[in-house]
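Asker: Here it is: the structure, laid out below.
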Amino acid sequence: MGILVIGSFMMDLVVRTERFPHSGETVIGQSFAKFPGGKGANQAVAAARLGADVTMVGKVGSDPFGDEFLSTLKSEGIDTANILRDTQYPTGVGSITLEGNGNNRIVVVPGANLHYYSSELNSIKSLIQSSELLMVQLEMDINMIEQAVALAAEVQVPVILNPAPAQRLSDELLRNVTYLTPNESEVELLTGIKVLTLEDAEAAGKVLLEKGVQNVIITLAEKGALIVNPAGNIHVPSLKVQPVDTVAAGDSFNGALAVGIINGRPLKDAVEYANAVGAITVTREGAIPSLPRASEVVEFLRHHVDDSVTNNN
């Protein structure tokens with residue numbers, strides 16, 4: 001059936017301003033924009049634009065933002081039949097203020113995202129069983145996530161868990177994870193190891209392997225990514241670009257990783273592909289609007305290889 005994403009929806013309301021206001025102060029902003037986002041929706045669209053068959057499960061409100069999400073996902077060819085509408089809680093919202101120097105301040109109101117419960121998994125057990133891969137994040141009810149991952153493990157469906165936003169996770173959950181994709185701050189929270197070097201990342205990855213994770217892929221921003229699994233460690237360097245907006249960089253990486261895995265790529269190749277997708281994403285503004293299509297990734301990689309050959313001669 002392809003990729004099943006159980007995930008979140010967040011309508012991002014983005015204000016750009018030269019500097020953040022002090023307490024009690026009003027400043028004049030430079031621009032306002034509204035972007036559909038949320039880790040689940042971002043990852044689902046990222047995978048769909050790269051050619052995967054994607055089904056998304058979650059919950060939005062019975063409001064215009066919910067309508068917009070369903071319309072957006074349908075236009076991307078994503079199966080939305082199992083997305084629920086909540087009559088009590090609104091669609092999730094992220095209020096984002098971007099400063100001129102690139103710093104940001106974000107307030108998230110999860111809304112309906114936190115009200116997709118374990119009991120509602122009963123209706124999608126067959127979806128989990130028939131999926132090639134399950135992808136989840138942590139912007140939803142953690143008990144539901146734990147049960148969804150356990151259900152996938154029971155029927156031997158591989159699971160990508162992107163442990164964001166960062167929080168501590170039970171060993172029981174980690175034992176059922178096939179691919180864990182933390183960044184530096186997330187892996188520090190999970191292991192207690194501050195990641196400043198590749199050696200630190202390797203040590204943290206080994207701690208997670210001991211907890212039962214099958215493959216750890218630690219994303220290291222400009223340093224690329226480190227794969228840690230029982231076969232050893234592989235550092236996959238990043239591709240150099242000039243960032244414009246890092247929103248959805250991790251989500252595009254995860255969506256691309258999922259596509260690489262179900263297409264049968266070796267894990268190193270899948271991570272290289274995911275690095276390329278993440279690199280393209282940070283050169284564009286917004287979450288979903290920044291996600292590339294497969295043809296754009298092919299073109300980007302072709303130019304990158306050509307440039308690398310030229311620079312090495």
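Each chain of the structure tokens is named A, B, ... in the order shown, its residues numbered from 1; ligands are numbered from 1 in display order.
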Write out as a count of residues only which residues come within 9 Å of Ala152 of chain A when counting only C-alpha atoms, dropping same-chain ones fewer than 6 positions away.
Answerer: 9
Asker: Write down as a list in words the residues of segment 208-255 of chain A whose backbone DSSP state falls under strand (DSSP E or B).
Answerer: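 DSSP on the backbone gives strand (DSSP E or B) at Asn215, Val216, Ile217, Ile218, Thr219, Ala225, Leu226, Ile227, Val228, Asn229, Gly232, Asn233, Ile234, His235 and Val236 of chain A.
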Asker: Could those selected residues go to a file with all heavy atoms, as a JSON list (two decimals), in the first residue's frame?
Answerer:
[["chain", "number", "residue", "atom", "x", "y", "z"],
["A", 215, "ASN", "N", 17.99, 0.75, 13.76],
["A", 215, "ASN", "CA", 18.85, 1.67, 13.01],
["A", 215, "ASN", "C", 18.65, 3.08, 13.55],
["A", 215, "ASN", "O", 17.50, 3.53, 13.66],
["A", 215, "ASN", "CB", 18.50, 1.68, 11.52],
["A", 215, "ASN", "CG", 18.64, 0.32, 10.87],
["A", 215, "ASN", "OD1", 19.71, -0.08, 10.44],
["A", 215, "ASN", "ND2", 17.52, -0.41, 10.81],
["A", 216, "VAL", "N", 19.72, 3.77, 13.85],
["A", 216, "VAL", "CA", 19.66, 5.15, 14.30],
["A", 216, "VAL", "C", 20.28, 6.02, 13.22],
["A", 216, "VAL", "O", 21.42, 5.77, 12.78],
["A", 216, "VAL", "CB", 20.40, 5.35, 15.63],
["A", 216, "VAL", "CG1", 20.27, 6.80, 16.11],
["A", 216, "VAL", "CG2", 19.89, 4.38, 16.69],
["A", 217, "ILE", "N", 19.55, 7.03, 12.78],
["A", 217, "ILE", "CA", 20.08, 8.00, 11.81],
["A", 217, "ILE", "C", 20.01, 9.37, 12.48],
["A", 217, "ILE", "O", 18.93, 9.95, 12.63],
["A", 217, "ILE", "CB", 19.29, 8.01, 10.49],
["A", 217, "ILE", "CG1", 19.32, 6.62, 9.83],
["A", 217, "ILE", "CG2", 19.88, 9.04, 9.53],
["A", 217, "ILE", "CD1", 18.04, 5.86, 9.93],
["A", 218, "ILE", "N", 21.16, 9.88, 12.92],
["A", 218, "ILE", "CA", 21.21, 11.15, 13.64],
["A", 218, "ILE", "C", 21.48, 12.26, 12.63],
["A", 218, "ILE", "O", 22.50, 12.25, 11.93],
["A", 218, "ILE", "CB", 22.31, 11.13, 14.72],
["A", 218, "ILE", "CG1", 22.06, 9.98, 15.70],
["A", 218, "ILE", "CG2", 22.35, 12.46, 15.47],
["A", 218, "ILE", "CD1", 23.17, 9.77, 16.71],
["A", 219, "THR", "N", 20.58, 13.23, 12.54],
["A", 219, "THR", "CA", 20.77, 14.34, 11.63],
["A", 219, "THR", "C", 21.58, 15.43, 12.33],
["A", 219, "THR", "O", 21.31, 15.80, 13.47],
["A", 219, "THR", "CB", 19.42, 14.90, 11.14],
["A", 219, "THR", "OG1", 18.61, 15.26, 12.27],
["A", 219, "THR", "CG2", 18.68, 13.85, 10.32],
["A", 225, "ALA", "N", 24.58, 13.53, 8.26],
["A", 225, "ALA", "CA", 23.87, 12.56, 9.09],
["A", 225, "ALA", "C", 24.81, 11.39, 9.40],
["A", 225, "ALA", "O", 25.72, 11.09, 8.63],
["A", 225, "ALA", "CB", 22.62, 12.06, 8.38],
["A", 226, "LEU", "N", 24.56, 10.75, 10.53],
["A", 226, "LEU", "CA", 25.34, 9.58, 10.92],
["A", 226, "LEU", "C", 24.41, 8.40, 11.10],
["A", 226, "LEU", "O", 23.45, 8.46, 11.87],
["A", 226, "LEU", "CB", 26.10, 9.85, 12.23],
["A", 226, "LEU", "CG", 27.01, 8.69, 12.69],
["A", 226, "LEU", "CD1", 28.22, 8.56, 11.77],
["A", 226, "LEU", "CD2", 27.45, 8.88, 14.14],
["A", 227, "ILE", "N", 24.69, 7.32, 10.37],
["A", 227, "ILE", "CA", 23.96, 6.06, 10.52],
["A", 227, "ILE", "C", 24.69, 5.20, 11.54],
["A", 227, "ILE", "O", 25.90, 4.99, 11.44],
["A", 227, "ILE", "CB", 23.88, 5.31, 9.19],
["A", 227, "ILE", "CG1", 23.21, 6.17, 8.11],
["A", 227, "ILE", "CG2", 23.15, 3.98, 9.36],
["A", 227, "ILE", "CD1", 23.37, 5.59, 6.70],
["A", 228, "VAL", "N", 23.96, 4.72, 12.54],
["A", 228, "VAL", "CA", 24.53, 3.81, 13.54],
["A", 228, "VAL", "C", 23.61, 2.59, 13.60],
["A", 228, "VAL", "O", 22.42, 2.71, 13.90],
["A", 228, "VAL", "CB", 24.62, 4.46, 14.93],
["A", 228, "VAL", "CG1", 25.30, 3.51, 15.92],
["A", 228, "VAL", "CG2", 25.38, 5.79, 14.87],
["A", 229, "ASN", "N", 24.17, 1.42, 13.28],
["A", 229, "ASN", "CA", 23.41, 0.19, 13.41],
["A", 229, "ASN", "C", 24.38, -0.96, 13.71],
["A", 229, "ASN", "O", 25.60, -0.73, 13.79],
["A", 229, "ASN", "CB", 22.54, -0.07, 12.17],
["A", 229, "ASN", "CG", 23.34, -0.21, 10.90],
["A", 229, "ASN", "OD1", 24.51, -0.56, 10.92],
["A", 229, "ASN", "ND2", 22.71, 0.08, 9.77],
["A", 232, "GLY", "N", 27.70, -1.28, 11.85],
["A", 232, "GLY", "CA", 28.74, -0.26, 11.97],
["A", 232, "GLY", "C", 28.18, 1.14, 11.88],
["A", 232, "GLY", "O", 26.98, 1.35, 12.05],
["A", 233, "ASN", "N", 29.04, 2.09, 11.56],
["A", 233, "ASN", "CA", 28.65, 3.50, 11.49],
["A", 233, "ASN", "C", 29.04, 4.07, 10.13],
["A", 233, "ASN", "O", 30.12, 3.76, 9.62],
["A", 233, "ASN", "CB", 29.35, 4.32, 12.58],
["A", 233, "ASN", "CG", 29.26, 3.65, 13.94],
["A", 233, "ASN", "OD1", 28.17, 3.33, 14.39],
["A", 233, "ASN", "ND2", 30.41, 3.43, 14.58],
["A", 234, "ILE", "N", 28.17, 4.87, 9.55],
["A", 234, "ILE", "CA", 28.46, 5.51, 8.27],
["A", 234, "ILE", "C", 28.11, 6.99, 8.39],
["A", 234, "ILE", "O", 26.97, 7.34, 8.72],
["A", 234, "ILE", "CB", 27.65, 4.89, 7.12],
["A", 234, "ILE", "CG1", 27.92, 3.39, 7.00],
["A", 234, "ILE", "CG2", 27.99, 5.60, 5.80],
["A", 234, "ILE", "CD1", 27.05, 2.69, 5.97],
["A", 235, "HIS", "N", 29.09, 7.86, 8.12],
["A", 235, "HIS", "CA", 28.83, 9.30, 8.08],
["A", 235, "HIS", "C", 28.48, 9.69, 6.65],
["A", 235, "HIS", "O", 29.21, 9.39, 5.71],
["A", 235, "HIS", "CB", 30.06, 10.08, 8.55],
["A", 235, "HIS", "CG", 29.87, 11.57, 8.46],
["A", 235, "HIS", "ND1", 30.81, 12.41, 7.90],
["A", 235, "HIS", "CD2", 28.83, 12.35, 8.84],
["A", 235, "HIS", "CE1", 30.37, 13.66, 7.95],
["A", 235, "HIS", "NE2", 29.17, 13.65, 8.52],
["A", 236, "VAL", "N", 27.34, 10.34, 6.49],
["A", 236, "VAL", "CA", 26.89, 10.80, 5.18],
["A", 236, "VAL", "C", 26.94, 12.33, 5.19],
["A", 236, "VAL", "O", 26.12, 12.98, 5.85],
["A", 236, "VAL", "CB", 25.46, 10.32, 4.87],
["A", 236, "VAL", "CG1", 25.05, 10.75, 3.47],
["A", 236, "VAL", "CG2", 25.35, 8.81, 5.02]]
Asker: Enumerate, in order of chain and increasing residue number, the residues of segment 110-179 of chain A with an atom no farther than 9 Å from segment 249-257 of chain A, each with its shortest atom pair and distance in Å to one decimal, counting only C-alpha atoms, as a Markdown table.
Answerer:
| residue | atom | partner | partner_atom | distance |
| --- | --- | --- | --- | --- |
| A:Met135 | CA | A:Gly255 | CA | 8.5 |
| A:Ile160 | CA | A:Asn254 | CA | 8.0 |
| A:Leu161 | CA | A:Asn254 | CA | 8.9 |
| A:Asn162 | CA | A:Asn254 | CA | 7.3 |
Asker: Enumerate as JSON, numbers by chain all residues of segment 58-155 of chain A assigned to alpha helix (DSSP H) by DSSP on the backbone, naming them with the chain letters and numbers the document uses.
Answerer: {"A": [64, 65, 66, 67, 68, 69, 70, 71, 72, 73, 74, 75, 125, 126, 127, 128, 129, 130, 142, 143, 144, 145, 146, 147, 148, 149, 150, 151, 152, 153, 154]}
Asker: Once you count only C-alpha atoms, what closest atom pair and distance in Å to one decimal does each residue of segment 222-246 of chain A within 7 Å of segment 265-275 of chain A have, with rows by chain and rising residue number, as CSV?
Answerer:
residue,atom,partner,partner_atom,distance
A:Gly224,CA,A:Asn275,CA,6.9
A:Val236,CA,A:Glu272,CA,6.4
A:Ser238,CA,A:Asn275,CA,6.1
A:Leu239,CA,A:Asn275,CA,6.9
Asker: Could you dump the residues just selected with C-alpha atoms as a PDB file, in the first residue's frame?
Answerer:
ATOM      1  CA  GLY A 224      25.092  15.740   7.400  1.00  0.00           C
ATOM      2  CA  VAL A 236      26.888  10.805   5.181  1.00  0.00           C
ATOM      3  CA  SER A 238      25.655  17.230   3.845  1.00  0.00           C
ATOM      4  CA  LEU A 239      25.281  19.019   0.520  1.00  0.00           C
TER       5      LEU A 239
END
Asker: Would you work out the distance separating atom CA of Leu196 of chain A from atom CA of Ala166 of chain A, expressed in Å to one decimal?
Answerer: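 Atom CA of Ala166 of chain A lies at a distance of 17.6 Å from atom CA of Leu196 of chain A.
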Asker: Point out the residue among A:Phe300, A:Phe9, A:Phe69, A:Phe32 with the least atom-to-atom distance to Gly111 of chain A, counting only C-alpha atoms.
Answerer: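 Looking only at the distances to Gly111 of chain A, the closest residue turns out to be A:Phe9.
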Asker: From the options A:Ile261, A:Leu70, A:Met56, A:Ile288, which residue's atoms come nearest to Val247 of chain A, counting only C-alpha atoms?
Answerer: A:Ile288
Asker: Which is closest to Pro163 of chain A among A:Thr55, A:Asn183, A:Ser123, A:Thr191, if we use only C-alpha atoms?
Answerer: A:Asn183
Asker: Write out as number ranges by chain which residues come within 9 Å of segment 73-81 of chain A when counting only C-alpha atoms, dropping same-chain ones fewer than 2 positions away.
Answerer: A: 41, 44-45, 48-49, 53-57, 68-71, 83-84
Asker: Deliver the residues from the most recent selection as a file, using N, CA and C atoms, as a PDB file, in the first residue's frame.
Answerer:
ATOM      1  N   ALA A  41       1.883  16.186   8.358  1.00  0.00           N
ATOM      2  CA  ALA A  41       1.487  16.636   7.025  1.00  0.00           C
ATOM      3  C   ALA A  41       2.709  16.923   6.159  1.00  0.00           C
ATOM      4  N   ALA A  44       4.220  13.603   5.040  1.00  0.00           N
ATOM      5  CA  ALA A  44       3.349  12.948   4.066  1.00  0.00           C
ATOM      6  C   ALA A  44       3.488  13.584   2.684  1.00  0.00           C
ATOM      7  N   VAL A  45       3.459  14.908   2.624  1.00  0.00           N
ATOM      8  CA  VAL A  45       3.588  15.602   1.335  1.00  0.00           C
ATOM      9  C   VAL A  45       4.983  15.396   0.753  1.00  0.00           C
ATOM     10  N   ALA A  48       4.956  12.029  -0.832  1.00  0.00           N
ATOM     11  CA  ALA A  48       4.083  11.982  -2.009  1.00  0.00           C
ATOM     12  C   ALA A  48       4.718  12.693  -3.201  1.00  0.00           C
ATOM     13  N   ARG A  49       5.350  13.835  -2.959  1.00  0.00           N
ATOM     14  CA  ARG A  49       5.977  14.572  -4.062  1.00  0.00           C
ATOM     15  C   ARG A  49       7.170  13.828  -4.650  1.00  0.00           C
ATOM     16  N   ASP A  53       3.215   6.284  -2.762  1.00  0.00           N
ATOM     17  CA  ASP A  53       1.788   6.142  -2.489  1.00  0.00           C
ATOM     18  C   ASP A  53       1.613   6.370  -0.987  1.00  0.00           C
ATOM     19  N   VAL A  54       0.948   7.460  -0.598  1.00  0.00           N
ATOM     20  CA  VAL A  54       0.898   7.885   0.809  1.00  0.00           C
ATOM     21  C   VAL A  54      -0.542   7.960   1.294  1.00  0.00           C
ATOM     22  N   THR A  55      -0.769   7.397   2.478  1.00  0.00           N
ATOM     23  CA  THR A  55      -2.040   7.535   3.193  1.00  0.00           C
ATOM     24  C   THR A  55      -1.750   8.254   4.500  1.00  0.00           C
ATOM     25  N   MET A  56      -2.600   9.229   4.856  1.00  0.00           N
ATOM     26  CA  MET A  56      -2.388   9.953   6.103  1.00  0.00           C
ATOM     27  C   MET A  56      -3.556   9.751   7.039  1.00  0.00           C
ATOM     28  N   VAL A  57      -3.209   9.595   8.335  1.00  0.00           N
ATOM     29  CA  VAL A  57      -4.190   9.419   9.398  1.00  0.00           C
ATOM     30  C   VAL A  57      -3.916  10.469  10.467  1.00  0.00           C
ATOM     31  N   GLU A  68      -8.809  23.387   4.561  1.00  0.00           N
ATOM     32  CA  GLU A  68      -7.641  23.685   3.733  1.00  0.00           C
ATOM     33  C   GLU A  68      -6.656  22.520   3.731  1.00  0.00           C
ATOM     34  N   PHE A  69      -6.470  21.894   4.893  1.00  0.00           N
ATOM     35  CA  PHE A  69      -5.561  20.759   4.952  1.00  0.00           C
ATOM     36  C   PHE A  69      -6.047  19.610   4.074  1.00  0.00           C
ATOM     37  N   LEU A  70      -7.316  19.271   4.189  1.00  0.00           N
ATOM     38  CA  LEU A  70      -7.844  18.166   3.381  1.00  0.00           C
ATOM     39  C   LEU A  70      -7.709  18.470   1.897  1.00  0.00           C
ATOM     40  N   SER A  71      -7.986  19.701   1.515  1.00  0.00           N
ATOM     41  CA  SER A  71      -7.861  20.097   0.119  1.00  0.00           C
ATOM     42  C   SER A  71      -6.407  20.013  -0.342  1.00  0.00           C
ATOM     43  N   ILE A  83      -8.657  10.566   7.722  1.00  0.00           N
ATOM     44  CA  ILE A  83      -8.436  11.750   8.556  1.00  0.00           C
ATOM     45  C   ILE A  83      -9.771  12.148   9.183  1.00  0.00           C
ATOM     46  N   LEU A  84      -9.787  12.271  10.506  1.00  0.00           N
ATOM     47  CA  LEU A  84     -11.018  12.567  11.229  1.00  0.00           C
ATOM     48  C   LEU A  84     -11.175  14.071  11.452  1.00  0.00           C
TER      49      LEU A  84
END
Asker: Near His115 of chain A, counting only C-alpha atoms, which residues have an atom at most 10 Å away, once you skip same-chain residues fewer than 6 positions from it, shown as a count of residues only?
Answerer: 9
Asker: Using only C-alpha atoms, which residues sit within 7 Å of Gln214 of chain A once same-chain residues fewer than 2 positions away are excluded, as a CSV table (one decimal) with C-alpha atoms, in the first residue's frame?
Answerer:
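This is the output file result14.csv:
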chain,number,residue,atom,x,y,z
A,177,VAL,CA,11.4,1.2,16.1
A,178,THR,CA,13.1,0.2,12.9
A,179,TYR,CA,14.6,3.6,12.1
A,209,LEU,CA,20.9,0.4,19.8
A,212,GLY,CA,16.5,-2.0,21.0
A,216,VAL,CA,19.7,5.2,14.3
A,229,ASN,CA,23.4,0.2,13.4
Asker: Got a sec: who's within 10 Å of Gly100 of chain A, counting only C-alpha atoms, leaving out chain neighbours fewer than 4 positions off, as a VMD selection string?
Answerer: chain A and resid 16 to 20 30 104
Asker: When you count only C-alpha atoms, which of these residues is closest to Glu120 of chain A: A:Val187, A:Ala204, A:Ile6, A:Leu98?
Answerer: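 The answer is A:Ile6, which sits nearest to Glu120 of chain A.
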Asker: Just want the 8 Å neighbourhood of Leu13 of chain A, counted on only C-alpha atoms, with same-chain residues fewer than 5 positions away dropped. Output as JSON, numbers by chain.
Answerer: {"A": [32, 33, 34, 35, 93, 94, 95, 96]}
Asker: Mind writing the picked residues with N, CA and C atoms as a PDB file, in the first residue's frame?
Answerer:
ATOM      1  N   PHE A  32       3.459  38.907   6.535  1.00  0.00           N
ATOM      2  CA  PHE A  32       2.692  37.822   7.160  1.00  0.00           C
ATOM      3  C   PHE A  32       2.364  36.802   6.090  1.00  0.00           C
ATOM      4  N   ALA A  33       2.449  35.527   6.465  1.00  0.00           N
ATOM      5  CA  ALA A  33       2.078  34.463   5.532  1.00  0.00           C
ATOM      6  C   ALA A  33       1.477  33.302   6.303  1.00  0.00           C
ATOM      7  N   LYS A  34       0.683  32.513   5.624  1.00  0.00           N
ATOM      8  CA  LYS A  34       0.025  31.340   6.209  1.00  0.00           C
ATOM      9  C   LYS A  34       0.418  30.116   5.387  1.00  0.00           C
ATOM     10  N   PHE A  35       0.998  29.115   6.073  1.00  0.00           N
ATOM     11  CA  PHE A  35       1.454  27.910   5.389  1.00  0.00           C
ATOM     12  C   PHE A  35       0.902  26.672   6.076  1.00  0.00           C
ATOM     13  N   VAL A  93      -2.447  24.952  15.353  1.00  0.00           N
ATOM     14  CA  VAL A  93      -1.901  26.208  14.831  1.00  0.00           C
ATOM     15  C   VAL A  93      -0.508  26.428  15.404  1.00  0.00           C
ATOM     16  N   GLY A  94       0.401  26.918  14.565  1.00  0.00           N
ATOM     17  CA  GLY A  94       1.711  27.343  15.029  1.00  0.00           C
ATOM     18  C   GLY A  94       1.882  28.826  14.753  1.00  0.00           C
ATOM     19  N   SER A  95       2.130  29.620  15.792  1.00  0.00           N
ATOM     20  CA  SER A  95       2.377  31.051  15.640  1.00  0.00           C
ATOM     21  C   SER A  95       3.892  31.263  15.626  1.00  0.00           C
ATOM     22  N   ILE A  96       4.421  31.709  14.497  1.00  0.00           N
ATOM     23  CA  ILE A  96       5.864  31.785  14.282  1.00  0.00           C
ATOM     24  C   ILE A  96       6.274  33.226  14.005  1.00  0.00           C
TER      25      ILE A  96
END
Asker: Kindly indicate which residue among A:Pro36, A:Leu301, A:Gly260, A:Pro289 lies nearest to Ala276 of chain A, using only C-alpha atoms for the distances.
Answerer: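 Selected residue with least distance to Ala276 of chain A: A:Leu301.
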Asker: As an exercise, work out the distance from atom CA of Leu174 of chain A to atom CA of Ala221 of chain A in Å and give it to one decimal place.
Answerer: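 According to the coordinates, atom CA of Leu174 of chain A and atom CA of Ala221 of chain A are separated by 23.3 Å.
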Asker: Given only C-alpha atoms as the basis, pick out the residue of A:Leu189, A:Val27, A:Ala46, A:Ile145 nearest to Thr281 of chain A.
Answerer: A:Ala46
